[in-house]
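Novice: Structure file upload.txt (compact mmCIF, C-alpha atoms) is given on the next line.
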# COMPACT_ATOMS: atom_id res chain seq x y z
CA MET A 1256 -36.73 -45.45 -21.66
CA LEU A 1257 -38.70 -42.24 -22.16
CA HIS A 1258 -38.23 -41.42 -18.51
CA ALA A 1259 -34.43 -41.87 -18.79
CA LYS A 1260 -34.26 -39.52 -21.83
CA LYS A 1261 -36.22 -36.88 -20.00
CA LYS A 1262 -33.83 -37.16 -17.07
CA LYS A 1263 -30.81 -36.74 -19.36
CA ARG A 1264 -32.30 -33.64 -20.97
CA SER A 1265 -33.02 -32.01 -17.65
CA ALA A 1266 -29.55 -32.85 -16.25
CA ALA A 1267 -27.64 -30.91 -18.93
CA PRO A 1268 -28.93 -27.39 -18.28
CA SER A 1269 -28.77 -27.80 -14.51
CA GLY A 1270 -25.07 -28.79 -14.76
CA PHE A 1271 -24.34 -25.78 -16.92
CA SER A 1272 -26.21 -23.38 -14.67
CA ARG A 1273 -24.38 -24.77 -11.63
CA LYS A 1274 -21.08 -24.12 -13.42
CA ALA A 1275 -22.08 -20.55 -14.19
CA LEU A 1276 -23.62 -20.01 -10.77
CA LEU A 1277 -20.35 -20.28 -8.88
CA PRO A 1278 -18.42 -17.49 -10.68
CA LEU A 1279 -21.61 -15.43 -10.82
CA PHE A 1280 -22.00 -15.70 -7.05
CA TYR A 1281 -18.45 -14.55 -6.28
CA LEU A 1282 -18.47 -11.84 -8.95
CA THR A 1283 -21.74 -10.46 -7.58
CA LEU A 1284 -20.42 -10.59 -4.03
CA SER A 1285 -17.23 -8.70 -4.88
CA PHE A 1286 -19.18 -6.24 -7.04
CA LEU A 1287 -21.49 -5.53 -4.09
CA LEU A 1288 -18.48 -4.94 -1.85
CA MET A 1289 -17.14 -2.55 -4.44
CA ILE A 1290 -20.27 -0.42 -4.84
CA LEU A 1291 -21.14 -0.19 -1.14
CA PRO A 1292 -19.78 2.85 0.73
CA LEU A 1293 -16.48 2.26 2.53
CA ASP A 1294 -17.93 3.02 5.96
CA GLY A 1295 -20.71 0.90 7.46
CA PHE A 1296 -20.99 -2.64 6.13
CA VAL A 1297 -17.68 -2.66 4.25
CA SER A 1298 -15.74 -1.40 7.26
CA SER A 1299 -17.35 -4.22 9.32
CA VAL A 1300 -16.20 -6.73 6.68
CA LYS A 1301 -12.73 -5.19 6.81
CA ALA A 1302 -12.66 -5.41 10.60
CA LEU A 1303 -13.71 -9.06 10.41
CA LEU A 1304 -11.02 -9.75 7.80
CA GLY A 1305 -8.53 -8.07 10.09
CA TYR A 1306 -8.93 -10.93 12.55
CA ILE A 1307 -8.11 -13.42 9.77
CA PHE A 1308 -5.37 -11.51 7.98
CA ILE A 1309 -3.53 -9.57 10.67
CA PRO A 1310 -1.81 -12.63 12.23
CA GLN A 1311 -0.82 -13.60 8.70
CA ILE A 1312 0.41 -10.10 7.90
CA ARG A 1313 2.46 -10.12 11.09
CA MET A 1314 3.93 -13.49 10.15
CA SER A 1315 4.70 -12.35 6.60
CA HIS A 1316 6.33 -9.20 7.88
CA SER A 1317 8.43 -11.11 10.44
CA ALA A 1318 9.55 -13.61 7.78
CA VAL A 1319 10.53 -10.87 5.33
CA LYS A 1320 12.19 -8.85 8.10
CA TYR A 1321 14.15 -11.89 9.21
CA ALA A 1322 15.34 -12.66 5.67
CA ASP A 1323 16.21 -9.02 5.14
CA GLY A 1324 17.91 -8.94 8.54
CA VAL A 1325 20.34 -11.72 7.67
CA SER A 1326 21.77 -9.93 4.64
CA SER A 1327 21.83 -6.53 6.32
CA THR A 1328 23.53 -7.99 9.43
CA ILE A 1329 26.38 -9.30 7.30
CA ARG A 1330 26.67 -5.95 5.52
CA GLU A 1331 26.52 -4.06 8.81
CA LEU A 1332 29.22 -6.23 10.35
CA LEU A 1333 31.55 -5.39 7.51
CA ASP A 1334 30.97 -1.65 8.02
CA THR A 1335 31.04 -1.66 11.82
CA HIS A 1336 34.67 -0.70 12.37
CA HIS A 1337 34.54 2.34 10.11
CA GLU A 1338 31.15 3.36 11.49
CA ASN A 1339 32.34 2.98 15.08
CA ARG A 1340 35.21 5.42 14.57
CA GLN A 1341 32.91 7.90 12.88
CA LEU A 1342 30.31 7.61 15.66
CA ARG A 1343 32.90 8.28 18.37
CA GLN A 1344 33.73 11.57 16.66
CA GLU A 1345 30.05 12.40 16.31
CA ILE A 1346 29.45 11.68 20.02
CA GLU A 1347 32.21 14.11 20.98
CA ALA A 1348 30.67 16.76 18.73
CA ALA A 1349 27.20 16.02 20.12
CA LYS A 1350 28.46 16.45 23.69
CA ILE A 1351 29.66 19.96 22.88
CA LEU A 1352 26.41 20.73 21.06
CA GLY A 1353 24.41 19.32 24.02
CA ALA A 1354 26.14 21.65 26.45
CA GLN A 1355 25.37 24.60 24.17
CA ALA A 1356 21.77 23.45 23.71
CA GLU A 1357 21.24 23.29 27.46
CA MET A 1358 22.14 26.94 27.75
CA VAL A 1359 19.86 27.83 24.84
CA PHE A 1360 16.97 25.85 26.39
CA GLU A 1361 17.38 27.67 29.68
CA GLU A 1362 17.44 31.01 27.89
CA ASN A 1363 14.39 30.00 25.85
CA GLU A 1364 12.46 28.99 28.99
CA ARG A 1365 13.33 32.26 30.69
CA LEU A 1366 12.26 34.34 27.66
CA THR A 1367 9.08 32.29 27.19
CA SER A 1368 8.02 32.95 30.77
CA ILE A 1369 8.89 36.67 30.49
CA LEU A 1370 6.89 37.05 27.24
CA LYS A 1371 4.08 34.77 28.55
CA LEU A 1372 4.20 32.61 25.41
CA GLN A 1373 2.77 29.10 25.10
CA PRO A 1374 5.79 26.83 25.64
CA SER A 1375 6.40 24.44 22.74
CA ARG A 1376 6.88 20.81 23.63
CA PRO A 1377 9.03 18.39 21.64
CA TRP A 1378 7.08 15.93 19.48
CA GLN A 1379 6.33 12.62 21.06
CA GLY A 1380 5.54 9.53 19.15
CA THR A 1381 6.72 6.21 17.82
CA TRP A 1382 9.26 5.14 15.25
CA ALA A 1383 7.86 2.56 12.84
CA GLN A 1384 9.05 0.74 9.76
CA ILE A 1385 7.31 0.40 6.41
CA ALA A 1386 5.97 -3.13 6.53
CA TYR A 1387 4.16 -3.27 3.21
CA ARG A 1388 3.69 -1.20 0.12
CA GLU A 1389 0.80 -1.99 -2.19
CA PRO A 1390 2.07 -1.70 -5.78
CA SER A 1391 -1.31 -0.77 -7.22
CA GLN A 1392 -1.82 1.98 -4.63
CA TRP A 1393 1.58 3.60 -4.69
CA ASN A 1394 0.79 6.37 -2.24
CA THR A 1395 -0.33 4.20 0.65
CA VAL A 1396 1.98 2.27 2.98
CA ILE A 1397 1.39 -0.04 5.93
CA LEU A 1398 3.44 0.45 9.10
CA ASP A 1399 4.54 -2.37 11.38
CA LYS A 1400 3.05 -0.66 14.46
CA GLY A 1401 -0.54 0.08 15.44
CA SER A 1402 -2.84 1.14 18.26
CA ARG A 1403 -0.96 -1.13 20.68
CA ASP A 1404 2.05 1.17 20.23
CA GLY A 1405 0.03 4.34 20.71
CA ILE A 1406 -0.61 5.18 17.05
CA GLN A 1407 -3.94 6.90 16.45
CA PRO A 1408 -5.82 7.76 13.25
CA ARG A 1409 -5.20 11.26 11.86
CA SER A 1410 -1.68 11.44 13.29
CA ALA A 1411 1.12 13.18 11.41
CA VAL A 1412 3.86 10.96 10.00
CA ILE A 1413 7.34 12.38 9.42
CA SER A 1414 10.52 10.90 8.03
CA VAL A 1415 14.13 11.83 7.33
CA GLU A 1416 15.61 11.76 3.83
CA ASN A 1417 19.16 12.92 3.00
CA GLY A 1418 19.42 14.39 6.49
CA VAL A 1419 16.28 16.52 6.00
CA GLU A 1420 13.24 15.98 8.20
CA GLY A 1421 9.91 16.29 6.42
CA LEU A 1422 6.26 15.35 6.39
CA ALA A 1423 5.62 11.90 4.93
CA GLY A 1424 1.85 11.65 5.34
CA GLU A 1425 -1.07 11.02 7.65
CA VAL A 1426 -2.35 7.91 9.43
CA VAL A 1427 -5.75 7.00 7.99
CA GLU A 1428 -6.50 3.58 9.48
CA VAL A 1429 -5.18 1.82 12.54
CA SER A 1430 -5.45 -1.79 13.64
CA GLU A 1431 -3.92 -3.36 16.72
CA SER A 1432 -0.52 -3.97 15.15
CA THR A 1433 -0.56 -2.08 11.83
CA ALA A 1434 -1.36 1.40 10.60
CA LYS A 1435 -2.18 2.63 7.12
CA VAL A 1436 -0.52 5.87 6.01
CA LEU A 1437 -1.72 8.12 3.20
CA LEU A 1438 1.39 9.74 1.74
CA VAL A 1439 1.70 13.40 0.76
CA ARG A 1440 1.53 12.57 -2.96
CA ASP A 1441 -1.90 10.89 -2.68
CA GLU A 1442 -4.74 12.85 -4.26
CA ASP A 1443 -6.85 12.43 -1.09
CA PHE A 1444 -4.15 14.15 0.98
CA SER A 1445 -4.49 17.80 1.94
CA ALA A 1446 -2.94 20.10 4.55
CA ALA A 1447 -2.91 23.77 5.50
CA VAL A 1448 0.58 25.09 4.70
CA TYR A 1449 2.61 28.28 4.46
CA LEU A 1450 5.49 29.40 2.28
CA SER A 1451 8.85 30.51 3.57
CA PRO A 1452 10.12 33.22 3.36
CA SER A 1453 6.95 34.94 2.02
CA ARG A 1454 4.70 33.50 4.85
CA ASP A 1455 1.73 33.20 2.44
CA GLU A 1456 -0.69 30.46 3.44
CA GLY A 1457 -2.47 28.01 1.18
CA LEU A 1458 -3.84 24.50 0.88
CA LEU A 1459 -1.54 21.69 -0.20
CA ALA A 1460 -3.16 18.85 -2.13
CA GLY A 1461 -1.56 15.65 -3.38
CA GLY A 1462 -1.76 15.05 -7.09
CA GLY A 1463 -1.83 11.24 -7.33
CA THR A 1464 0.37 10.53 -10.32
CA GLY A 1465 0.64 14.26 -11.04
CA ALA A 1466 2.43 17.00 -9.14
CA VAL A 1467 1.71 18.03 -5.54
CA LYS A 1468 0.04 21.44 -5.65
CA MET A 1469 -0.37 24.33 -3.26
CA LYS A 1470 -3.62 26.16 -3.98
CA TYR A 1471 -5.09 29.53 -3.03
CA VAL A 1472 -1.73 31.36 -2.91
CA PRO A 1473 -2.46 35.11 -3.28
CA LEU A 1474 -1.79 36.52 -6.76
CA LEU A 1475 0.51 39.19 -5.31
CA SER A 1476 2.63 36.66 -3.47
CA SER A 1477 6.39 36.86 -4.02
CA VAL A 1478 6.68 33.06 -4.16
CA LYS A 1479 9.48 31.72 -6.35
CA GLU A 1480 11.11 28.41 -7.19
CA GLY A 1481 13.10 26.97 -4.30
CA ASP A 1482 10.90 28.50 -1.57
CA ARG A 1483 10.14 26.08 1.23
CA VAL A 1484 6.67 24.85 2.20
CA TYR A 1485 5.85 24.13 5.87
CA THR A 1486 2.74 22.90 7.70
CA SER A 1487 0.72 25.79 9.05
CA ALA A 1488 -0.57 26.32 12.59
CA ALA A 1489 -4.05 26.41 11.03
CA SER A 1490 -3.87 22.67 10.36
CA SER A 1491 -6.00 20.52 12.67
CA ILE A 1492 -3.85 17.42 12.16
CA PHE A 1493 -0.27 18.48 11.64
CA PRO A 1494 1.94 20.40 14.07
CA ALA A 1495 3.11 23.69 12.62
CA GLY A 1496 6.54 24.02 11.05
CA ILE A 1497 7.10 20.60 9.51
CA LEU A 1498 8.86 20.88 6.16
CA ILE A 1499 6.79 19.48 3.28
CA GLY A 1500 8.97 20.36 0.32
CA GLU A 1501 10.23 22.99 -2.07
CA VAL A 1502 8.44 25.00 -4.73
CA SER A 1503 9.27 23.55 -8.14
CA SER A 1504 7.18 25.89 -10.29
CA VAL A 1505 4.70 28.76 -10.04
CA LYS A 1506 1.74 28.92 -12.42
CA LYS A 1507 0.23 32.34 -12.98
CA GLY A 1508 -2.63 31.10 -15.19
CA ASN A 1509 -5.01 33.40 -17.09
CA ALA A 1510 -6.20 36.88 -16.23
CA PHE A 1511 -9.41 35.61 -14.59
CA GLN A 1512 -7.57 33.56 -12.00
CA THR A 1513 -7.85 34.78 -8.41
CA ALA A 1514 -4.99 32.75 -6.94
CA LEU A 1515 -1.68 31.22 -7.95
CA THR A 1516 -1.10 27.49 -8.23
CA VAL A 1517 2.26 26.41 -6.95
CA GLU A 1518 3.78 23.01 -7.67
CA VAL A 1519 5.72 21.46 -4.82
CA THR A 1520 8.39 18.74 -4.79
CA PRO A 1521 7.97 16.82 -1.52
CA ALA A 1522 11.04 16.63 0.72
CA ILE A 1523 10.24 12.99 1.41
CA SER A 1524 9.81 10.91 -1.72
CA SER A 1525 7.30 8.06 -1.55
CA SER A 1526 9.69 5.45 -2.88
CA ALA A 1527 12.54 6.19 -0.46
CA LEU A 1528 10.46 5.71 2.69
CA LYS A 1529 11.83 3.05 5.03
CA GLU A 1530 11.32 4.32 8.57
CA VAL A 1531 8.90 6.95 9.85
CA PHE A 1532 8.09 8.75 13.06
CA VAL A 1533 4.39 8.94 13.98
CA ILE A 1534 3.60 11.97 16.12
CA SER A 1535 1.11 10.85 18.73
CA ASP A 1536 0.58 13.72 21.12
CA GLU A 1537 -0.58 16.39 18.70
CA LYS A 1538 -4.25 16.12 19.74
CA ASP A 1539 -3.34 16.80 23.36
CA ARG A 1540 -1.49 19.91 22.29
CA LYS A 1541 -4.38 21.42 20.32
CA MET B 133 -9.45 -32.25 5.84
CA TRP B 134 -5.80 -32.76 4.84
CA GLY B 135 -6.59 -31.14 1.48
CA PHE B 136 -7.96 -28.03 3.22
CA PHE B 137 -4.92 -27.88 5.45
CA LYS B 138 -2.57 -28.03 2.45
CA LEU B 139 -4.64 -25.33 0.72
CA PHE B 140 -4.34 -23.14 3.82
CA ILE B 141 -0.56 -23.68 3.96
CA ALA B 142 -0.30 -22.76 0.28
CA PHE B 143 -2.35 -19.60 0.85
CA VAL B 144 -0.19 -18.53 3.81
CA GLY B 145 2.96 -19.21 1.77
CA ALA B 146 1.61 -17.16 -1.13
CA THR B 147 0.82 -14.20 1.14
CA VAL B 148 4.35 -14.29 2.62
CA PHE B 149 5.97 -14.36 -0.82
CA HIS B 150 3.56 -11.75 -2.17
CA TRP B 151 4.42 -9.50 0.78
CA ALA B 152 8.16 -9.89 0.15
CA PHE B 153 8.09 -9.51 -3.64
CA ALA B 154 5.49 -6.74 -3.80
CA THR B 155 7.36 -4.61 -1.25
CA ALA B 156 10.78 -5.21 -2.82
CA PHE B 157 9.69 -4.49 -6.39
CA ALA B 158 7.39 -1.60 -5.44
CA ASN B 159 10.52 0.29 -4.40
CA ILE B 160 11.65 0.30 -8.04
CA GLY B 161 8.16 0.97 -9.38
CA ILE B 162 7.25 -2.51 -10.60
CA GLN B 163 3.91 -4.13 -9.83
CA VAL B 164 4.67 -7.77 -9.06
CA SER B 165 1.78 -9.92 -7.82
CA VAL B 166 2.57 -13.39 -6.50
CA MET B 167 -1.10 -13.64 -5.45
CA LEU B 168 -2.16 -13.39 -9.10
CA VAL B 169 0.18 -16.20 -10.15
CA PHE B 170 -1.03 -18.23 -7.17
CA VAL B 171 -4.69 -17.70 -8.16
CA VAL B 172 -4.04 -18.72 -11.78
CA ALA B 173 -2.11 -21.81 -10.64
CA CYS B 174 -4.81 -22.71 -8.11
CA CYS B 175 -7.55 -22.48 -10.73
CA THR B 176 -5.67 -24.82 -13.08
CA LEU B 177 -5.34 -27.40 -10.30
CA LEU B 178 -8.39 -27.07 -8.08
CA LYS B 179 -12.02 -27.90 -8.65
CA PRO B 180 -14.11 -24.77 -9.31
CA ALA B 181 -15.83 -25.23 -5.94
CA TYR B 182 -12.44 -24.49 -4.28
CA GLY B 183 -10.81 -22.37 -6.98
CA TYR B 184 -13.38 -19.55 -6.97
CA PRO B 185 -13.45 -19.11 -3.18
CA MET B 186 -9.65 -19.14 -3.17
CA ALA B 187 -9.54 -16.43 -5.88
CA PHE B 188 -12.10 -14.40 -3.92
CA LEU B 189 -10.12 -14.77 -0.67
CA CYS B 190 -6.81 -13.81 -2.32
CA GLY B 191 -8.51 -10.75 -3.79
CA LEU B 192 -9.88 -9.77 -0.39
CA PHE B 193 -6.39 -10.13 1.06
CA LEU B 194 -5.13 -7.50 -1.39
CA ASP B 195 -8.23 -5.35 -0.90
CA PHE B 196 -7.49 -5.29 2.80
CA PHE B 197 -4.55 -2.96 2.10
CA GLY B 198 -6.47 -0.53 -0.10
CA THR B 199 -7.90 2.78 1.08
CA LYS B 200 -9.97 3.91 -1.88
CA LEU B 201 -12.00 0.91 -2.90
CA PHE B 202 -12.84 -2.46 -1.42
CA GLY B 203 -13.61 -5.54 -3.50
CA ASN B 204 -11.85 -4.52 -6.73
CA ASN B 205 -9.09 -7.13 -6.40
CA ALA B 206 -11.62 -9.79 -5.39
CA PHE B 207 -13.69 -8.94 -8.48
CA THR B 208 -10.64 -8.99 -10.77
CA PHE B 209 -9.39 -12.31 -9.36
CA CYS B 210 -12.86 -13.92 -9.69
CA LEU B 211 -12.90 -12.78 -13.30
CA LEU B 212 -9.40 -14.25 -13.80
CA ALA B 213 -10.58 -17.52 -12.26
CA THR B 214 -13.47 -17.60 -14.74
CA PHE B 215 -11.04 -17.04 -17.63
CA VAL B 216 -8.70 -19.77 -16.39
CA TYR B 217 -11.52 -22.31 -16.00
CA MET B 218 -12.74 -21.45 -19.50
CA LEU B 219 -9.19 -21.66 -20.91
CA SER B 220 -8.33 -24.90 -19.13
CA GLU B 221 -10.77 -26.74 -21.42
CA ARG B 222 -8.65 -25.79 -24.47
CA PHE B 223 -5.24 -24.90 -22.99
CA ASP B 224 -2.54 -27.25 -21.73
CA PHE B 225 -1.39 -25.79 -18.44
CA GLU B 226 0.98 -28.72 -17.86
CA SER B 227 3.79 -27.25 -19.95
CA ILE B 228 5.84 -24.20 -19.07
CA LEU B 229 5.19 -21.97 -22.10
CA PRO B 230 1.38 -21.86 -21.82
CA GLN B 231 1.76 -21.20 -18.10
CA MET B 232 4.04 -18.22 -18.73
CA VAL B 233 2.01 -16.83 -21.63
CA SER B 234 -1.29 -17.09 -19.75
CA VAL B 235 0.15 -15.51 -16.58
CA PHE B 236 1.68 -12.67 -18.62
CA CYS B 237 -1.57 -11.93 -20.46
CA LEU B 238 -3.70 -12.23 -17.32
CA SER B 239 -1.29 -9.97 -15.40
CA VAL B 240 -1.57 -7.24 -18.03
CA PHE B 241 -5.35 -7.64 -18.05
CA ALA B 242 -5.57 -7.61 -14.22
CA ILE B 243 -3.49 -4.44 -13.81
CA LEU B 244 -5.41 -2.57 -16.54
CA PHE B 245 -8.79 -3.81 -15.30
CA ASN B 246 -7.96 -2.92 -11.71
CA ALA B 247 -6.87 0.57 -12.74
CA LEU B 248 -10.13 0.93 -14.67
CA LEU B 249 -12.21 -0.19 -11.67
CA LEU B 250 -10.41 2.27 -9.40
CA MET B 251 -10.97 5.03 -11.93
CA LEU B 252 -14.67 4.20 -12.31
CA PHE B 253 -15.59 3.58 -8.68
CA SER B 254 -13.26 5.84 -6.72
CA ALA B 255 -12.28 8.39 -9.40
CA SER B 256 -8.61 7.92 -8.54
CA ALA B 257 -5.80 7.35 -11.01
CA VAL B 258 -3.35 4.58 -10.16
CA TRP B 259 -1.58 4.27 -13.51
CA GLN B 260 2.08 3.52 -12.88
CA GLY B 261 3.19 3.55 -16.50
CA LEU B 262 3.98 1.00 -19.18
CA TRP B 263 7.32 0.03 -17.61
CA SER B 264 5.64 -0.98 -14.36
CA LEU B 265 2.88 -2.83 -16.24
CA PHE B 266 5.10 -4.89 -18.54
CA ALA B 267 8.06 -5.45 -16.21
CA GLY B 268 5.68 -6.65 -13.47
CA SER B 269 3.87 -8.95 -15.89
CA VAL B 270 7.16 -10.39 -17.16
CA ILE B 271 8.33 -11.10 -13.60
CA ASN B 272 4.96 -12.71 -12.82
CA ALA B 273 5.34 -14.86 -15.96
CA LEU B 274 8.87 -15.89 -14.96
CA MET B 275 7.65 -16.92 -11.52
CA ALA B 276 4.73 -18.90 -12.94
CA PRO B 277 6.48 -22.25 -13.68
CA LEU B 278 7.90 -22.43 -10.16
CA VAL B 279 4.56 -21.55 -8.51
CA PHE B 280 2.71 -24.05 -10.74
CA PHE B 281 5.28 -26.74 -9.91
CA VAL B 282 5.14 -26.17 -6.14
CA LEU B 283 1.35 -26.09 -6.11
CA ARG B 284 1.14 -29.21 -8.24
CA MET B 285 3.40 -31.00 -5.76
CA LEU B 286 1.26 -29.81 -2.90
CA LEU B 287 -2.30 -29.96 -4.26
CA SER B 288 -2.42 -32.47 -7.11
CA LYS B 289 -3.70 -35.20 -4.79
CA GLY B 290 -6.67 -34.93 -2.50
CA PHE B 291 -10.34 -34.12 -2.89
CA VAL B 292 -9.75 -30.43 -3.70
CA SER B 293 -7.82 -31.33 -6.86
CA LYS B 294 -9.37 -31.54 -10.33
CA GLU B 295 -7.58 -34.83 -10.84
CA ALA B 296 -9.29 -36.47 -7.88
Can you present the structure in this file as structure tokens?
Specialist:
Amino acid sequence: MLHAKKKKRSAAPSGFSRKALLPLFYLTLSFLLMILPLDGFVSSVKALLGYIFIPQIRMSHSAVKYADGVSSTIRELLDTHHENRQLRQEIEAAKILGAQAEMVFEENERLTSILKLQPSRPWQGTWAQIAYREPSQWNTVILDKGSRDGIQPRSAVISVENGVEGLAGEVVEVSESTAKVLLVRDEDFSAAVYLSPSRDEGLLAGGGTGAVKMKYVPLLSSVKEGDRVYTSAASSIFPAGILIGEVSSVKKGNAFQTALTVEVTPAISSSALKEVFVISDEKDRK
Amino acid sequence: MWGFFKLFIAFVGATVFHWAFATAFANIGIQVSVMLVFVVACCTLLKPAYGYPMAFLCGLFLDFFGTKLFGNNAFTFCLLATFVYMLSERFDFESILPQMVSVFCLSVFAILFNALLLMLFSASAVWQGLWSLFAGSVINALMAPLVFFVLRMLLSKGFVSKEA
């Protein structure tokens, strides 16, 4: 009898501790993952998870793409006739433009060789679609293509919005079939840029939820609202001359300031991104 | 074994729907999380021995897409699982209203807590505004009865279930 009572008493706390042990274990594990640096052990865990999740991600993306494809196919079919007529006209115009461009290319080649300039090559790369957008990290997107398609980390990503080509971001992580892109608005994003027409150089930095800023612009610069911002040749990642956006405001600051801070509205808005072009041969060019 | 298989199917289904909803709603600035609703529903149906690992795994799935911090979603979801197991002793998750109310409250908590973790550990601000917070939580709450119903159909029998 006494033995049974003792057993009962000892069973209660052990049951409770077992109940508390389970959440404690998982909370500790996730806390450890959180406080460890992102490279090293955590990146190994991420790589391991990649083997588990990437087939699933691919499946999810295919399923969503298929469902999206059905509705867009119907819509496209309805617009085909009108689009076809418009495209025929555009092809005719493009043919004329192509003939003119050929002459200009020849002239450019001839002048380049006379002036002994470094010939510029057209960008090479891959078109990719936005496969996933993480709502809690608004300025990061996942592309549906990866290293298998020639995408490398630290590649420039461009896109077209309202007929204007502009810088969308930079590839930060690549797996076999996906790539993670840090968009221009992200606070971890930075790029060497210059202003047009003043040609003043500076450093562009994303502002997270705030504005995108161009720093270190000389105080005597003639920068004004509406000026365009392009990637500079000084950048180690981005090819020179890609449009980033337009100047939205210029802050003079106080008398002790040594440089202007310029706010920039990106040409490519984060929310409108659907398709991007990843430039893959920039490293060979440098 | 069959129970594990069904759990795996449910997890794959949740990731597919999360992928679709999160991407679609992110375009209009709303944070919808099917994974959160799935975790809450799982924890009301599964034994803790399966509920906590599932919450942890779902969190890791979301962390896989992050660039600034790793483990924050896993931590938040484990905390949510703890809340749900504590609540399930007093709360009736069988009816629709408690399901919706709990998912709404937990969604608000999860988004705020996640933003706080990101701010503390990676010094980055991810605040999307009140509209995103509340609209996302309302959509999560509206989805809750359907997710609870589907999961109950799928997981109520078998050794992983609380009822077993």
Novice: Select residues of chain A: the criterion is any atom within 9 Å of an atom of chain B, counting only C-alpha atoms; output as a ChimeraX atom specification.
Specialist: /A:1274,1277-1279,1281-1293,1297,1301,1304-1305,1308,1311-1312,1314-1316,1318-1320,1386-1393,1395-1397,1427-1428,1435,1437,1442-1443,1463-1464,1525-1528
Novice: Choose the residue, out of A:Glu1357, A:Asn1417, A:Glu1431, A:Gln1407, that has the smallest atom-to-atom separation from A:Tyr1306; count all atoms listed in the file.
Specialist: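 Answer, going by the shortest atom-to-atom distance: A:Glu1431.
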Novice: For the atom pair atom CA of A:Ser1327 and atom CA of A:Asp1399, what is the interatomic distance in Å to one decimal place?
Specialist: 18.5 Å
Novice: Would you compute the distance between atom CA of B:Ile141 and atom CA of A:Thr1433? Give it in Å to one decimal.
Specialist: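 Computed distance, atom CA of B:Ile141 to atom CA of A:Thr1433, equals 23.0 Å.
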Novice: Box in all listed atoms of stretch 1392-1396 of chain A, axis-aligned, with 6 Å more on each side; write out centre and edge lengths in Å to one decimal as AutoDock Vina command-line options.
Specialist:
--center_x 0.1 --center_y 4.2 --center_z -0.9 --size_x 15.8 --size_y 16.4 --size_z 19.7
Novice: Could you tell me how far atom CA of A:Ile1346 sits from atom CA of A:Asp1334, in Å to one decimal place?
Specialist: 18.0 Å
Novice: With all atoms listed in the file counted, which protein, DNA or RNA residues have an atom no more than 8 Å from (7.7, 18.5, 7.0) in the file frame? Please answer as a ChimeraX atom specification.
Specialist: /A:1413,1420-1423,1485-1486,1496-1500,1522
Novice: Could the residues in this selection be written to a file with C-alpha atoms, as a CSV table (one decimal), keeping the file's coordinate frame?
Specialist:
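Output contents, as saved in selection08.csv:
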chain,number,residue,atom,x,y,z
A,1413,ILE,CA,7.3,12.4,9.4
A,1420,GLU,CA,13.2,16.0,8.2
A,1421,GLY,CA,9.9,16.3,6.4
A,1422,LEU,CA,6.3,15.4,6.4
A,1423,ALA,CA,5.6,11.9,4.9
A,1485,TYR,CA,5.8,24.1,5.9
A,1486,THR,CA,2.7,22.9,7.7
A,1496,GLY,CA,6.5,24.0,11.0
A,1497,ILE,CA,7.1,20.6,9.5
A,1498,LEU,CA,8.9,20.9,6.2
A,1499,ILE,CA,6.8,19.5,3.3
A,1500,GLY,CA,9.0,20.4,0.3
A,1522,ALA,CA,11.0,16.6,0.7
Novice: Counting all atoms listed in the file, figure out which residue out of B:Val270, B:Leu252, B:Cys237, B:Cys175 gets nearest to B:Phe225.
Specialist: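 Among B:Val270, B:Leu252, B:Cys237, B:Cys175, it is B:Cys175 that comes nearest to B:Phe225.
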Novice: Please provide the set of residues having any atom within 6 Å of stretch 1467-1482 of chain A, restricted to all atoms listed in the file, with same-chain residues fewer than 5 positions apart removed, written as a PyMOL selection string.
Specialist: chain A and resi 1451+1457-1462+1501-1504+1514-1519
Novice: Enumerate, as a ChimeraX atom specification, the protein, DNA and RNA residues whose atoms approach (-7.1, -16.3, -19.2) to within 8 Å, taking into account all atoms listed in the file and the coordinate frame of the file.
Specialist: /B:212-216,218-219,234-235,237-238
Novice: Determine, counting only C-alpha atoms, which protein, DNA and RNA residues have an atom within 9 Å of an atom of A:Ser1430; residues of the same chain fewer than 5 positions away are not included. Present the result as JSON, numbers by chain.
Specialist: {"A": [1302, 1305, 1309, 1400, 1401, 1402, 1403, 1435]}
